[in-house]
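So this block is data_10.cif, mmCIF, N, CA and C atoms:
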```cif
data_structure
#
loop_
_atom_site.label_atom_id
_atom_site.label_comp_id
_atom_site.auth_asym_id
_atom_site.auth_seq_id
_atom_site.Cartn_x
_atom_site.Cartn_y
_atom_site.Cartn_z
N MET A 1106 11.26 0.98 -12.20
CA MET A 1106 10.49 0.15 -11.28
C MET A 1106 9.97 -1.07 -12.04
N ALA A 1107 9.80 -2.14 -11.32
CA ALA A 1107 9.29 -3.39 -11.89
C ALA A 1107 7.84 -3.22 -12.33
N ASP A 1108 7.30 -4.27 -12.95
CA ASP A 1108 5.90 -4.19 -13.37
C ASP A 1108 4.98 -4.40 -12.16
N LYS A 1109 3.68 -4.17 -12.37
CA LYS A 1109 2.71 -4.22 -11.27
C LYS A 1109 2.70 -5.57 -10.56
N GLU A 1110 2.79 -6.64 -11.32
CA GLU A 1110 2.74 -7.97 -10.72
C GLU A 1110 3.93 -8.19 -9.79
N GLN A 1111 5.12 -7.81 -10.23
CA GLN A 1111 6.32 -7.98 -9.41
C GLN A 1111 6.25 -7.11 -8.15
N VAL A 1112 5.79 -5.87 -8.31
CA VAL A 1112 5.66 -4.97 -7.16
C VAL A 1112 4.64 -5.53 -6.17
N SER A 1113 3.53 -6.02 -6.68
CA SER A 1113 2.50 -6.60 -5.82
C SER A 1113 3.04 -7.78 -5.02
N ILE A 1114 3.82 -8.63 -5.65
CA ILE A 1114 4.42 -9.79 -4.98
C ILE A 1114 5.34 -9.32 -3.85
N GLU A 1115 6.16 -8.31 -4.12
CA GLU A 1115 7.06 -7.79 -3.09
C GLU A 1115 6.28 -7.21 -1.91
N ILE A 1116 5.18 -6.53 -2.19
CA ILE A 1116 4.36 -5.94 -1.12
C ILE A 1116 3.69 -7.05 -0.31
N MET A 1117 3.23 -8.12 -0.96
CA MET A 1117 2.62 -9.23 -0.22
C MET A 1117 3.64 -9.88 0.71
N LYS A 1118 4.91 -9.90 0.32
CA LYS A 1118 5.96 -10.48 1.17
C LYS A 1118 6.09 -9.71 2.48
N MET A 1119 5.63 -8.45 2.51
CA MET A 1119 5.66 -7.63 3.73
C MET A 1119 4.50 -7.95 4.65
N GLY A 1120 3.55 -8.77 4.18
CA GLY A 1120 2.42 -9.16 5.00
C GLY A 1120 1.09 -8.54 4.58
N PHE A 1121 1.09 -7.74 3.53
CA PHE A 1121 -0.15 -7.12 3.07
C PHE A 1121 -0.98 -8.14 2.30
N SER A 1122 -2.30 -7.94 2.33
CA SER A 1122 -3.20 -8.83 1.60
C SER A 1122 -3.01 -8.67 0.10
N GLU A 1123 -3.52 -9.62 -0.64
CA GLU A 1123 -3.41 -9.56 -2.10
C GLU A 1123 -4.14 -8.33 -2.65
N SER A 1124 -5.33 -8.04 -2.12
CA SER A 1124 -6.09 -6.90 -2.65
C SER A 1124 -5.38 -5.57 -2.35
N ASP A 1125 -4.84 -5.42 -1.14
CA ASP A 1125 -4.10 -4.20 -0.81
C ASP A 1125 -2.84 -4.10 -1.66
N SER A 1126 -2.15 -5.22 -1.84
CA SER A 1126 -0.91 -5.23 -2.61
C SER A 1126 -1.15 -4.85 -4.07
N GLU A 1127 -2.22 -5.38 -4.65
CA GLU A 1127 -2.54 -5.05 -6.04
C GLU A 1127 -2.87 -3.57 -6.20
N ALA A 1128 -3.65 -3.02 -5.27
CA ALA A 1128 -4.00 -1.60 -5.34
C ALA A 1128 -2.76 -0.73 -5.16
N LEU A 1129 -1.92 -1.07 -4.19
CA LEU A 1129 -0.70 -0.31 -3.96
C LEU A 1129 0.24 -0.38 -5.15
N ALA A 1130 0.39 -1.57 -5.72
CA ALA A 1130 1.27 -1.73 -6.89
C ALA A 1130 0.78 -0.88 -8.06
N ASP A 1131 -0.52 -0.87 -8.28
CA ASP A 1131 -1.08 -0.06 -9.36
C ASP A 1131 -0.74 1.42 -9.15
N CYS A 1132 -0.91 1.90 -7.94
CA CYS A 1132 -0.60 3.30 -7.64
C CYS A 1132 0.89 3.59 -7.81
N MET A 1133 1.73 2.68 -7.33
CA MET A 1133 3.17 2.91 -7.39
C MET A 1133 3.69 2.88 -8.82
N VAL A 1134 3.23 1.95 -9.62
CA VAL A 1134 3.73 1.80 -10.98
C VAL A 1134 3.16 2.86 -11.91
N ASN A 1135 1.87 3.16 -11.75
CA ASN A 1135 1.20 4.09 -12.66
C ASN A 1135 1.06 5.50 -12.12
N GLY A 1136 1.45 5.72 -10.87
CA GLY A 1136 1.35 7.05 -10.28
C GLY A 1136 -0.09 7.48 -10.02
N ASN A 1137 -0.97 6.50 -9.80
CA ASN A 1137 -2.37 6.80 -9.55
C ASN A 1137 -2.61 7.19 -8.09
N SER A 1138 -3.72 7.88 -7.86
CA SER A 1138 -4.22 8.13 -6.52
C SER A 1138 -5.45 7.26 -6.33
N LEU A 1139 -5.63 6.75 -5.11
CA LEU A 1139 -6.73 5.81 -4.87
C LEU A 1139 -7.04 5.78 -3.38
N SER A 1140 -8.32 5.57 -3.05
CA SER A 1140 -8.74 5.35 -1.66
C SER A 1140 -9.62 4.12 -1.62
N TRP A 1141 -9.51 3.35 -0.53
CA TRP A 1141 -10.37 2.20 -0.34
C TRP A 1141 -10.47 1.86 1.14
N VAL A 1142 -11.46 1.04 1.48
CA VAL A 1142 -11.68 0.60 2.85
C VAL A 1142 -11.77 -0.92 2.84
N ASN A 1143 -11.10 -1.56 3.79
CA ASN A 1143 -11.27 -3.00 3.98
C ASN A 1143 -10.87 -3.39 5.39
N ALA A 1144 -10.98 -4.67 5.68
CA ALA A 1144 -10.69 -5.16 7.03
C ALA A 1144 -9.41 -5.98 7.09
N ASP A 1145 -8.62 -5.96 6.02
CA ASP A 1145 -7.36 -6.70 6.02
C ASP A 1145 -6.39 -6.05 7.00
N PRO A 1146 -5.79 -6.82 7.90
CA PRO A 1146 -4.95 -6.25 8.95
C PRO A 1146 -3.70 -5.53 8.43
N VAL A 1147 -3.38 -4.45 9.13
CA VAL A 1147 -2.21 -3.62 8.83
C VAL A 1147 -1.59 -3.23 10.16
N ASP A 1148 -0.26 -3.28 10.27
CA ASP A 1148 0.37 -2.81 11.50
C ASP A 1148 1.51 -1.85 11.16
N ASP A 1149 2.05 -1.22 12.19
CA ASP A 1149 3.09 -0.20 12.00
C ASP A 1149 4.34 -0.76 11.32
N ASN A 1150 4.71 -1.99 11.65
CA ASN A 1150 5.89 -2.60 11.03
C ASN A 1150 5.69 -2.77 9.53
N MET A 1151 4.52 -3.22 9.13
CA MET A 1151 4.22 -3.38 7.71
C MET A 1151 4.29 -2.03 6.99
N LEU A 1152 3.73 -0.99 7.61
CA LEU A 1152 3.74 0.33 6.99
C LEU A 1152 5.16 0.88 6.90
N GLU A 1153 5.99 0.59 7.90
CA GLU A 1153 7.39 1.02 7.85
C GLU A 1153 8.12 0.34 6.69
N LEU A 1154 7.90 -0.97 6.52
CA LEU A 1154 8.50 -1.69 5.39
C LEU A 1154 8.01 -1.13 4.07
N LEU A 1155 6.72 -0.84 3.98
CA LEU A 1155 6.15 -0.29 2.75
C LEU A 1155 6.76 1.06 2.42
N ASN A 1156 6.87 1.93 3.41
CA ASN A 1156 7.44 3.26 3.17
C ASN A 1156 8.90 3.18 2.73
N LYS A 1157 9.66 2.24 3.29
CA LYS A 1157 11.04 2.05 2.85
C LYS A 1157 11.07 1.55 1.40
N PHE A 1158 10.16 0.65 1.06
CA PHE A 1158 10.07 0.12 -0.29
C PHE A 1158 9.73 1.24 -1.29
N ILE A 1159 8.80 2.10 -0.90
CA ILE A 1159 8.42 3.24 -1.74
C ILE A 1159 9.62 4.15 -1.96
N GLU A 1160 10.35 4.43 -0.88
CA GLU A 1160 11.52 5.31 -0.96
C GLU A 1160 12.62 4.71 -1.84
N VAL A 1161 12.96 3.45 -1.60
CA VAL A 1161 14.03 2.79 -2.34
C VAL A 1161 13.71 2.73 -3.83
N ASN A 1162 12.44 2.55 -4.15
CA ASN A 1162 12.03 2.42 -5.55
C ASN A 1162 11.60 3.74 -6.18
N ASN A 1163 11.79 4.83 -5.45
CA ASN A 1163 11.45 6.16 -5.97
C ASN A 1163 10.02 6.25 -6.49
N ALA A 1164 9.11 5.55 -5.83
CA ALA A 1164 7.70 5.63 -6.22
C ALA A 1164 7.18 7.00 -5.80
N ASN A 1165 6.44 7.61 -6.66
CA ASN A 1165 5.98 8.97 -6.44
C ASN A 1165 4.61 8.99 -5.76
N VAL A 1166 4.47 8.24 -4.64
CA VAL A 1166 3.21 8.17 -3.92
C VAL A 1166 3.43 8.34 -2.42
N LYS A 1167 2.37 8.75 -1.76
CA LYS A 1167 2.35 8.84 -0.30
C LYS A 1167 1.18 8.01 0.17
N VAL A 1168 1.42 7.15 1.17
CA VAL A 1168 0.39 6.24 1.67
C VAL A 1168 -0.01 6.64 3.08
N LYS A 1169 -1.32 6.68 3.31
CA LYS A 1169 -1.85 6.94 4.64
C LYS A 1169 -2.90 5.88 4.94
N VAL A 1170 -2.83 5.27 6.13
CA VAL A 1170 -3.79 4.26 6.53
C VAL A 1170 -4.34 4.67 7.90
N ASP A 1171 -5.65 4.80 7.97
CA ASP A 1171 -6.32 5.13 9.23
C ASP A 1171 -7.19 3.96 9.66
N GLU A 1172 -7.05 3.56 10.92
CA GLU A 1172 -7.84 2.47 11.45
C GLU A 1172 -9.16 3.01 12.00
N ILE A 1173 -10.24 2.33 11.66
CA ILE A 1173 -11.54 2.62 12.26
C ILE A 1173 -11.76 1.51 13.28
N ALA A 1174 -11.26 1.74 14.48
CA ALA A 1174 -11.21 0.69 15.51
C ALA A 1174 -12.58 0.12 15.85
N THR A 1175 -13.59 0.96 15.86
CA THR A 1175 -14.93 0.49 16.23
C THR A 1175 -15.53 -0.44 15.19
N ARG A 1176 -14.99 -0.45 14.00
CA ARG A 1176 -15.51 -1.30 12.92
C ARG A 1176 -14.51 -2.34 12.45
N GLY A 1177 -13.28 -2.30 12.97
CA GLY A 1177 -12.27 -3.25 12.56
C GLY A 1177 -11.88 -3.11 11.09
N LYS A 1178 -11.91 -1.88 10.61
CA LYS A 1178 -11.59 -1.61 9.20
C LYS A 1178 -10.48 -0.59 9.09
N TYR A 1179 -9.91 -0.51 7.90
CA TYR A 1179 -8.83 0.43 7.61
C TYR A 1179 -9.19 1.25 6.37
N VAL A 1180 -8.93 2.55 6.46
CA VAL A 1180 -9.15 3.45 5.34
C VAL A 1180 -7.79 3.76 4.73
N TRP A 1181 -7.61 3.39 3.49
CA TRP A 1181 -6.37 3.62 2.75
C TRP A 1181 -6.51 4.84 1.87
N THR A 1182 -5.51 5.67 1.86
CA THR A 1182 -5.42 6.80 0.93
C THR A 1182 -4.02 6.81 0.33
N VAL A 1183 -3.96 6.65 -0.97
CA VAL A 1183 -2.68 6.69 -1.68
C VAL A 1183 -2.77 7.85 -2.66
N LYS A 1184 -1.84 8.79 -2.51
CA LYS A 1184 -1.85 9.98 -3.35
C LYS A 1184 -0.53 10.12 -4.07
N LYS A 1185 -0.62 10.65 -5.25
CA LYS A 1185 0.57 10.99 -6.03
C LYS A 1185 1.24 12.18 -5.35
N LYS A 1186 2.57 12.13 -5.19
CA LYS A 1186 3.31 13.23 -4.55
C LYS A 1186 3.38 14.41 -5.46
#
```
As a first step, turn the structure in this file into structure tokens.
Amino acid sequence: MADKEQVSIEIMKMGFSESDSEALADCMVNGNSLSWVNADPVDDNMLELLNKFIEVNNANVKVKVDEIATRGKYVWTVKKK
């Protein structure tokens, strides 16, 4: 797999924010688990692209994003498989 910066750039091309992309890249490259909350928009198409990217690159992580609709925020959970 590429380095964190390259992975982050590829994730941003899918429409994810810089902060989400950096956190995801860190988890994918280093196999870390992480949770965070923010208001950066996420949609099903973006998550589908991300999951394909994870699969193609054999990243050993699983990503879950839950929307808190009443607050306009998203809860991210990235876990090592």
Residues within 7 Å of (4.8, -3.3, -4.9), file coords, all atoms listed in the file, listed as a list in words: Lys1109, Glu1110, Gln1111, Val1112, Ser1113, Ile1114, Glu1115, Ile1116, Met1117, Ser1126, Leu1129, Ala1130, Asp1131 and Met1133 of chain A
Pick the closest to Leu1152 of chain A from A:Lys1178, A:Asp1125, A:Met1119, A:Asn1135: which is it, counting only N, CA and C atoms? A:Met1119
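Shortest atom-to-atom contact with Trp1181 of chain A among A:Lys1167, A:Val1147, A:Val1134, A:Trp1141: A:Trp1141, counting all atoms listed in the file.
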What is the distance between atom C of Asn1143 of chain A and atom N of Lys1157 of chain A, in Å to one decimal?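 Calculated distance between atom C of Asn1143 of chain A and atom N of Lys1157 of chain A is 21.4 Å.
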Identify, with DSSP run on backbone atoms, the residues in chain A assigned to strand (DSSP E), and express the list as a CSV table (one decimal) with N, CA and C atoms, in the coordinates of the input.
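The file below, out-v1.csv, is the result:
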```csv
chain,number,residue,atom,x,y,z
A,1139,LEU,N,-5.6,6.8,-5.1
A,1139,LEU,CA,-6.7,5.8,-4.9
A,1139,LEU,C,-7.0,5.8,-3.4
A,1140,SER,N,-8.3,5.6,-3.0
A,1140,SER,CA,-8.7,5.4,-1.7
A,1140,SER,C,-9.6,4.1,-1.6
A,1141,TRP,N,-9.5,3.4,-0.5
A,1141,TRP,CA,-10.4,2.2,-0.3
A,1141,TRP,C,-10.5,1.9,1.1
A,1142,VAL,N,-11.5,1.0,1.5
A,1142,VAL,CA,-11.7,0.6,2.8
A,1142,VAL,C,-11.8,-0.9,2.8
A,1143,ASN,N,-11.1,-1.6,3.8
A,1143,ASN,CA,-11.3,-3.0,4.0
A,1143,ASN,C,-10.9,-3.4,5.4
A,1166,VAL,N,4.5,8.2,-4.6
A,1166,VAL,CA,3.2,8.2,-3.9
A,1166,VAL,C,3.4,8.3,-2.4
A,1167,LYS,N,2.4,8.8,-1.8
A,1167,LYS,CA,2.4,8.8,-0.3
A,1167,LYS,C,1.2,8.0,0.2
A,1168,VAL,N,1.4,7.2,1.2
A,1168,VAL,CA,0.4,6.2,1.7
A,1168,VAL,C,0.0,6.6,3.1
A,1169,LYS,N,-1.3,6.7,3.3
A,1169,LYS,CA,-1.8,6.9,4.6
A,1169,LYS,C,-2.9,5.9,4.9
A,1170,VAL,N,-2.8,5.3,6.1
A,1170,VAL,CA,-3.8,4.3,6.5
A,1170,VAL,C,-4.3,4.7,7.9
A,1171,ASP,N,-5.6,4.8,8.0
A,1171,ASP,CA,-6.3,5.1,9.2
A,1171,ASP,C,-7.2,4.0,9.7
A,1172,GLU,N,-7.0,3.6,10.9
A,1172,GLU,CA,-7.8,2.5,11.4
A,1172,GLU,C,-9.2,3.0,12.0
A,1173,ILE,N,-10.2,2.3,11.7
A,1173,ILE,CA,-11.5,2.6,12.3
A,1173,ILE,C,-11.8,1.5,13.3
A,1178,LYS,N,-11.9,-1.9,10.6
A,1178,LYS,CA,-11.6,-1.6,9.2
A,1178,LYS,C,-10.5,-0.6,9.1
A,1179,TYR,N,-9.9,-0.5,7.9
A,1179,TYR,CA,-8.8,0.4,7.6
A,1179,TYR,C,-9.2,1.2,6.4
A,1180,VAL,N,-8.9,2.6,6.5
A,1180,VAL,CA,-9.2,3.4,5.3
A,1180,VAL,C,-7.8,3.8,4.7
A,1181,TRP,N,-7.6,3.4,3.5
A,1181,TRP,CA,-6.4,3.6,2.8
A,1181,TRP,C,-6.5,4.8,1.9
A,1182,THR,N,-5.5,5.7,1.9
A,1182,THR,CA,-5.4,6.8,0.9
A,1182,THR,C,-4.0,6.8,0.3
A,1183,VAL,N,-4.0,6.6,-1.0
A,1183,VAL,CA,-2.7,6.7,-1.7
A,1183,VAL,C,-2.8,7.8,-2.7
A,1184,LYS,N,-1.8,8.8,-2.5
A,1184,LYS,CA,-1.8,10.0,-3.4
A,1184,LYS,C,-0.5,10.1,-4.1
A,1185,LYS,N,-0.6,10.6,-5.2
A,1185,LYS,CA,0.6,11.0,-6.0
A,1185,LYS,C,1.2,12.2,-5.4
```
Dump as a list in words all residues having an atom at most 10 Å from (-5.3, 5.7, -4.5), computed in the file's coordinates with only C-alpha atoms.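 Residues with an atom close enough to that point: Ala1128, Leu1129, Asp1131, Cys1132, Met1133, Gly1136, Asn1137, Ser1138, Leu1139, Ser1140, Trp1141, Val1166, Lys1167, Val1168, Lys1169, Trp1181, Thr1182, Val1183, Lys1184 and Lys1185 of chain A.
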So how far away is atom CA of Val1161 of chain A from atom CA of Ala1107 of chain A, in Å?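 Distance reported for this atom pair: 12.3 Å.
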Measure the distance from atom C of Asp1171 of chain A to atom CA of Met1151 of chain A in Å and round it to one decimal. 13.7 Å
